[in-house]
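Worksheet: the structure to be examined is printed underneath.
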Amino acid sequence: MPASAKVLTSDAPRLGAQLQEEGYVYLPAIFEPSFLRALERECDEMAARYYRVENLDRHAVYLSDNTPTRISHAMMISAGPSPLPTVPLEGLKSVEHFLRFHDEVLGALLGADVPAWSRSMLNWQTYSSGSKPVTEHFDGEYLDYRKNEDGGFTLHEGLLPRLVLILTLSNENDGELQGTVLRDTRTGREVSPPSRSGDVLVFDNVRMRHRVPTLERPRRMAGLRSFDFRAVHFALDEASCRPGASYRRMPEGLVSEEVDAVAVHQQFLRERWPQVREAQRTEGALF
Ligand SMILES: [Fe+2]
């Protein structure tokens, strides 16, 4: 039988303390190979089923990052009906189980039940030998992302999942750097927990930054992070803050836990998303 987070919830106080202390929790060998293979098959099935222009247009499915050495997919899912765009999970028992596991872990670590309507982004990535590195970042819905004069981009406003959960599906890399590298913004310390198949890594997405170095050998992962439950609002400066919410400083700007993430997302879909999608289409990025 695949793992249930129920076994972890009894350990929740210790894991919660570890998350507070270190900014992450590493859980070795949580899932069995048979479950990992089934989840991989269902992820491939989801890519075939849902990578359609209409799902990208309504923002339930996100652009695939396709390079010769790394392929990534991402889409929004939820356990129950959501007021925001999602893709259905009919016939996807392993994905449903993985989402339930994520929701239980998130609930145990944050000390609250995760509502069935809240959406999580499911992503999965395949890294080939000598994969292009993923530069350091935090995960989020980038609501207002502006081009600088020097050609770079600056995030002015976003919604950041509180925690990110990563499951290693397979990994042929060994040694020091096997997968995700975390940097603690409080201490500057970098850690790279093991990433063996079946391992789970949960980290604080506001405190920690993450990157993936060039991997010498193939690796596959799947991740989940909640965009609606306990997501925090990011503002570069006061101009992007929402009225009535209190913010605290973080390295890149300001964050608030008092903003209604669903309302902000709905407003984004109404007012900004159509232009963002139009720009994607103009650049020829259909998928
Ligand atoms: Fe990421």
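Letters A, B, ... go to the chains of the structure tokens in the order shown; residues in each chain start at 1; ligands are counted from 1 in the same order.
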
Given 8 Å and only C-alpha atoms and all ligand atoms, residues near ligand 1 as a PDB file with C-alpha atoms, in the first residue's frame:
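Contents of result-v1.pdb, as written:
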```
ATOM      1  CA  HIS A 137      13.493  31.164  -7.060  1.00  0.00           C
ATOM      2  CA  PHE A 138      10.382  30.860  -4.919  1.00  0.00           C
ATOM      3  CA  ASP A 139       7.236  29.191  -6.286  1.00  0.00           C
ATOM      4  CA  HIS A 210      15.303  26.700  -4.089  1.00  0.00           C
ATOM      5  CA  ARG A 211      17.236  25.758  -7.189  1.00  0.00           C
TER       6      ARG A 211
END
```

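The neighbours of Pro81 of chain A here are the residues that come within 10 Å of it, using only C-alpha atoms and leaving out any residue fewer than 5 positions away in the same chain; they are Thr86, Pro88, Ala116, Trp117, Ser118 and Arg119 of chain A.
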
Same residues, all heavy atoms, saved as a PDB file, in the first residue's frame:
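Output file selection_29.pdb is given in full below:
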```
ATOM      1  N   THR A  86      -9.524  24.416 -12.498  1.00  0.00           N
ATOM      2  CA  THR A  86      -8.785  23.183 -12.201  1.00  0.00           C
ATOM      3  C   THR A  86      -9.031  22.189 -13.338  1.00  0.00           C
ATOM      4  O   THR A  86      -9.919  22.396 -14.159  1.00  0.00           O
ATOM      5  CB  THR A  86      -9.283  22.506 -10.902  1.00  0.00           C
ATOM      6  OG1 THR A  86     -10.680  22.246 -11.032  1.00  0.00           O
ATOM      7  CG2 THR A  86      -9.019  23.333  -9.673  1.00  0.00           C
ATOM      8  N   PRO A  88     -10.070  18.051 -14.020  1.00  0.00           N
ATOM      9  CA  PRO A  88     -10.691  16.951 -13.271  1.00  0.00           C
ATOM     10  C   PRO A  88      -9.711  15.802 -13.002  1.00  0.00           C
ATOM     11  O   PRO A  88      -8.759  15.606 -13.748  1.00  0.00           O
ATOM     12  CB  PRO A  88     -11.822  16.480 -14.189  1.00  0.00           C
ATOM     13  CG  PRO A  88     -11.893  17.433 -15.332  1.00  0.00           C
ATOM     14  CD  PRO A  88     -10.611  18.171 -15.394  1.00  0.00           C
ATOM     15  N   ALA A 116     -11.389  21.120   0.937  1.00  0.00           N
ATOM     16  CA  ALA A 116     -11.385  20.347  -0.316  1.00  0.00           C
ATOM     17  C   ALA A 116     -11.399  21.241  -1.556  1.00  0.00           C
ATOM     18  O   ALA A 116     -10.926  20.854  -2.614  1.00  0.00           O
ATOM     19  CB  ALA A 116     -12.585  19.397  -0.344  1.00  0.00           C
ATOM     20  N   TRP A 117     -11.945  22.468  -1.431  1.00  0.00           N
ATOM     21  CA  TRP A 117     -12.025  23.359  -2.593  1.00  0.00           C
ATOM     22  C   TRP A 117     -10.699  24.024  -2.923  1.00  0.00           C
ATOM     23  O   TRP A 117     -10.520  24.579  -4.004  1.00  0.00           O
ATOM     24  CB  TRP A 117     -13.096  24.443  -2.396  1.00  0.00           C
ATOM     25  CG  TRP A 117     -12.930  25.233  -1.131  1.00  0.00           C
ATOM     26  CD1 TRP A 117     -13.605  25.041   0.042  1.00  0.00           C
ATOM     27  CD2 TRP A 117     -12.014  26.313  -0.882  1.00  0.00           C
ATOM     28  NE1 TRP A 117     -13.171  25.939   0.997  1.00  0.00           N
ATOM     29  CE2 TRP A 117     -12.200  26.722   0.455  1.00  0.00           C
ATOM     30  CE3 TRP A 117     -11.051  26.975  -1.655  1.00  0.00           C
ATOM     31  CZ2 TRP A 117     -11.455  27.754   1.043  1.00  0.00           C
ATOM     32  CZ3 TRP A 117     -10.306  28.007  -1.074  1.00  0.00           C
ATOM     33  CH2 TRP A 117     -10.513  28.386   0.255  1.00  0.00           C
ATOM     34  N   SER A 118      -9.737  23.981  -1.972  1.00  0.00           N
ATOM     35  CA  SER A 118      -8.484  24.713  -2.213  1.00  0.00           C
ATOM     36  C   SER A 118      -7.641  23.973  -3.244  1.00  0.00           C
ATOM     37  O   SER A 118      -7.523  22.755  -3.217  1.00  0.00           O
ATOM     38  CB  SER A 118      -7.725  24.935  -0.908  1.00  0.00           C
ATOM     39  OG  SER A 118      -7.205  23.723  -0.439  1.00  0.00           O
ATOM     40  N   ARG A 119      -7.059  24.745  -4.146  1.00  0.00           N
ATOM     41  CA  ARG A 119      -6.319  24.143  -5.245  1.00  0.00           C
ATOM     42  C   ARG A 119      -4.833  24.057  -4.933  1.00  0.00           C
ATOM     43  O   ARG A 119      -4.264  24.913  -4.264  1.00  0.00           O
ATOM     44  CB  ARG A 119      -6.458  24.982  -6.521  1.00  0.00           C
ATOM     45  CG  ARG A 119      -7.884  25.134  -7.034  1.00  0.00           C
ATOM     46  CD  ARG A 119      -7.909  26.245  -8.057  1.00  0.00           C
ATOM     47  NE  ARG A 119      -7.097  27.366  -7.573  1.00  0.00           N
ATOM     48  CZ  ARG A 119      -6.369  28.156  -8.345  1.00  0.00           C
ATOM     49  NH1 ARG A 119      -6.346  27.978  -9.642  1.00  0.00           N
ATOM     50  NH2 ARG A 119      -5.675  29.150  -7.806  1.00  0.00           N
TER      51      ARG A 119
END
```

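Shortest separation to Ile30 of chain A among A:Thr187, A:Gln280, A:Gln178, A:Thr168 occurs at residue A:Thr168, atoms counted being only C-alpha atoms.
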
Neighbour list for Leu215 of chain A as a ChimeraX atom specification, cut-off 12 Å, only C-alpha atoms, skip fewer than 5 positions in-chain:
/A:69-70,126-134,171-181,195,220

Could you save the residues just selected, with N, CA and C atoms, as a CSV table (one decimal), in the first residue's frame?
```csv
chain,number,residue,atom,x,y,z
A,69,THR,N,16.9,18.9,-22.3
A,69,THR,CA,17.4,18.2,-21.1
A,69,THR,C,16.4,18.3,-20.0
A,70,ARG,N,15.3,19.1,-20.1
A,70,ARG,CA,14.4,19.1,-19.0
A,70,ARG,C,13.0,19.4,-19.5
A,126,THR,N,11.0,16.1,-15.7
A,126,THR,CA,11.9,15.0,-16.1
A,126,THR,C,13.3,15.7,-16.5
A,127,TYR,N,14.3,15.4,-15.8
A,127,TYR,CA,15.6,15.9,-16.0
A,127,TYR,C,16.5,14.8,-16.7
A,128,SER,N,17.1,15.1,-17.8
A,128,SER,CA,18.0,14.2,-18.5
A,128,SER,C,19.4,14.5,-18.1
A,129,SER,N,20.3,13.7,-18.6
A,129,SER,CA,21.7,13.8,-18.2
A,129,SER,C,22.2,15.2,-18.7
A,130,GLY,N,22.9,15.9,-17.8
A,130,GLY,CA,23.5,17.2,-18.1
A,130,GLY,C,22.4,18.3,-18.2
A,131,SER,N,21.3,18.1,-17.4
A,131,SER,CA,20.1,19.0,-17.5
A,131,SER,C,20.5,20.5,-17.3
A,132,LYS,N,19.8,21.4,-17.9
A,132,LYS,CA,19.9,22.8,-17.7
A,132,LYS,C,19.5,23.1,-16.3
A,133,PRO,N,20.4,23.9,-15.5
A,133,PRO,CA,20.0,24.2,-14.1
A,133,PRO,C,18.8,25.0,-14.0
A,134,VAL,N,18.0,24.8,-12.9
A,134,VAL,CA,16.9,25.7,-12.6
A,134,VAL,C,17.4,26.8,-11.6
A,171,ASN,N,15.6,8.6,-9.5
A,171,ASN,CA,16.8,9.4,-9.6
A,171,ASN,C,18.0,8.5,-9.7
A,172,GLU,N,18.8,8.8,-10.7
A,172,GLU,CA,20.0,8.0,-10.9
A,172,GLU,C,21.3,8.7,-10.4
A,173,ASN,N,21.0,9.9,-9.9
A,173,ASN,CA,22.2,10.7,-9.3
A,173,ASN,C,22.5,10.2,-7.9
A,174,ASP,N,23.7,10.3,-7.6
A,174,ASP,CA,24.2,9.9,-6.2
A,174,ASP,C,25.1,11.0,-5.7
A,175,GLY,N,25.6,11.0,-4.5
A,175,GLY,CA,26.5,11.9,-4.1
A,175,GLY,C,25.9,13.2,-3.5
A,176,GLU,N,26.7,14.3,-3.5
A,176,GLU,CA,26.3,15.5,-2.8
A,176,GLU,C,25.1,16.2,-3.3
A,177,LEU,N,25.0,16.5,-4.7
A,177,LEU,CA,23.9,17.2,-5.2
A,177,LEU,C,23.0,16.2,-6.0
A,178,GLN,N,21.9,15.8,-5.5
A,178,GLN,CA,21.0,14.9,-6.1
A,178,GLN,C,19.8,15.5,-6.7
A,179,GLY,N,19.4,16.7,-6.2
A,179,GLY,CA,18.2,17.3,-6.6
A,179,GLY,C,18.1,18.8,-6.1
A,180,THR,N,17.0,19.1,-5.4
A,180,THR,CA,16.7,20.4,-5.0
A,180,THR,C,17.8,20.9,-3.9
A,181,VAL,N,18.3,22.1,-4.2
A,181,VAL,CA,19.1,22.8,-3.2
A,181,VAL,C,18.3,23.9,-2.6
A,195,SER,N,17.7,13.0,-2.5
A,195,SER,CA,16.6,12.9,-3.3
A,195,SER,C,16.6,11.5,-4.0
A,220,ARG,N,13.4,12.2,-12.0
A,220,ARG,CA,12.0,12.6,-12.2
A,220,ARG,C,11.4,13.0,-10.9
```

Which of these residues is nearest to Leu39 of chain A, using only C-alpha atoms: A:Glu96, A:Asp199, A:Glu216, A:Glu271?
A:Glu96

Shell of 8 Å around segment 149-158 of chain A, only C-alpha atoms, local chain residues under 4 positions omitted, as a PyMOL selection string:
chain A and resi 140-145+233-237+240

Include all heavy atoms and write out the residues we just selected as a compact mmCIF listing (two decimals), in the first residue's frame.
```
# COMPACT_ATOMS: atom_id res chain seq x y z
N GLY A 140 5.33 30.44 -7.07
CA GLY A 140 4.20 31.35 -6.89
C GLY A 140 3.44 31.61 -8.17
O GLY A 140 3.87 31.24 -9.26
N GLU A 141 2.28 32.23 -7.99
CA GLU A 141 1.51 32.74 -9.12
C GLU A 141 1.99 34.18 -9.30
O GLU A 141 1.77 35.03 -8.42
CB GLU A 141 0.02 32.70 -8.78
CG GLU A 141 -0.89 33.23 -9.87
CD GLU A 141 -1.07 32.24 -11.02
OE1 GLU A 141 -1.41 31.07 -10.74
OE2 GLU A 141 -0.87 32.63 -12.19
N TYR A 142 2.66 34.43 -10.41
CA TYR A 142 3.23 35.75 -10.62
C TYR A 142 2.16 36.65 -11.25
O TYR A 142 1.90 36.58 -12.44
CB TYR A 142 4.48 35.65 -11.49
CG TYR A 142 5.65 34.93 -10.84
CD1 TYR A 142 6.83 34.71 -11.53
CD2 TYR A 142 5.58 34.48 -9.52
CE1 TYR A 142 7.90 34.07 -10.93
CE2 TYR A 142 6.64 33.84 -8.91
CZ TYR A 142 7.81 33.63 -9.62
OH TYR A 142 8.86 32.99 -9.03
N LEU A 143 1.55 37.49 -10.42
CA LEU A 143 0.40 38.29 -10.85
C LEU A 143 0.81 39.51 -11.66
O LEU A 143 0.12 39.93 -12.57
CB LEU A 143 -0.41 38.75 -9.62
CG LEU A 143 -0.92 37.65 -8.68
CD1 LEU A 143 -1.46 38.27 -7.41
CD2 LEU A 143 -1.99 36.81 -9.36
N ASP A 144 1.94 40.10 -11.28
CA ASP A 144 2.41 41.31 -11.96
C ASP A 144 3.93 41.21 -12.09
O ASP A 144 4.66 41.37 -11.12
CB ASP A 144 2.00 42.54 -11.13
CG ASP A 144 2.38 43.85 -11.81
OD1 ASP A 144 2.92 43.82 -12.94
OD2 ASP A 144 2.15 44.91 -11.20
N TYR A 145 4.34 40.94 -13.31
CA TYR A 145 5.73 40.58 -13.60
C TYR A 145 6.16 41.51 -14.72
O TYR A 145 5.69 41.38 -15.84
CB TYR A 145 5.71 39.12 -14.06
CG TYR A 145 7.00 38.37 -14.00
CD1 TYR A 145 7.71 38.29 -12.80
CD2 TYR A 145 7.50 37.70 -15.12
CE1 TYR A 145 8.88 37.55 -12.74
CE2 TYR A 145 8.67 36.96 -15.06
CZ TYR A 145 9.35 36.90 -13.87
OH TYR A 145 10.51 36.18 -13.81
N HIS A 233 0.44 36.79 0.27
CA HIS A 233 0.48 37.79 -0.80
C HIS A 233 1.84 38.47 -0.78
O HIS A 233 2.30 38.93 0.26
CB HIS A 233 -0.63 38.83 -0.58
CG HIS A 233 -0.72 39.84 -1.68
ND1 HIS A 233 -0.44 41.17 -1.49
CD2 HIS A 233 -1.04 39.69 -2.99
CE1 HIS A 233 -0.60 41.80 -2.65
NE2 HIS A 233 -0.96 40.93 -3.56
N PHE A 234 2.47 38.52 -1.94
CA PHE A 234 3.77 39.18 -2.07
C PHE A 234 3.61 40.52 -2.77
O PHE A 234 2.92 40.61 -3.80
CB PHE A 234 4.74 38.31 -2.89
CG PHE A 234 6.00 39.03 -3.28
CD1 PHE A 234 7.07 39.12 -2.40
CD2 PHE A 234 6.12 39.65 -4.52
CE1 PHE A 234 8.23 39.81 -2.75
CE2 PHE A 234 7.27 40.34 -4.89
CZ PHE A 234 8.33 40.43 -3.99
N ALA A 235 4.23 41.54 -2.22
CA ALA A 235 4.25 42.86 -2.86
C ALA A 235 5.69 43.35 -2.88
O ALA A 235 6.40 43.25 -1.87
CB ALA A 235 3.37 43.83 -2.09
N LEU A 236 6.13 43.86 -4.03
CA LEU A 236 7.50 44.37 -4.13
C LEU A 236 7.68 45.58 -3.21
O LEU A 236 8.70 45.72 -2.55
CB LEU A 236 7.79 44.77 -5.59
CG LEU A 236 9.17 45.38 -5.86
CD1 LEU A 236 10.26 44.35 -5.65
CD2 LEU A 236 9.23 45.96 -7.27
N ASP A 237 6.67 46.44 -3.19
CA ASP A 237 6.72 47.65 -2.35
C ASP A 237 5.29 48.04 -1.97
O ASP A 237 4.33 47.36 -2.34
CB ASP A 237 7.44 48.79 -3.10
CG ASP A 237 6.87 48.98 -4.50
OD1 ASP A 237 5.66 48.74 -4.70
OD2 ASP A 237 7.64 49.35 -5.41
N SER A 240 2.12 47.91 -4.32
CA SER A 240 1.43 46.66 -4.67
C SER A 240 0.75 46.00 -3.48
O SER A 240 0.21 44.90 -3.60
CB SER A 240 2.42 45.68 -5.30
OG SER A 240 2.93 46.20 -6.50
```
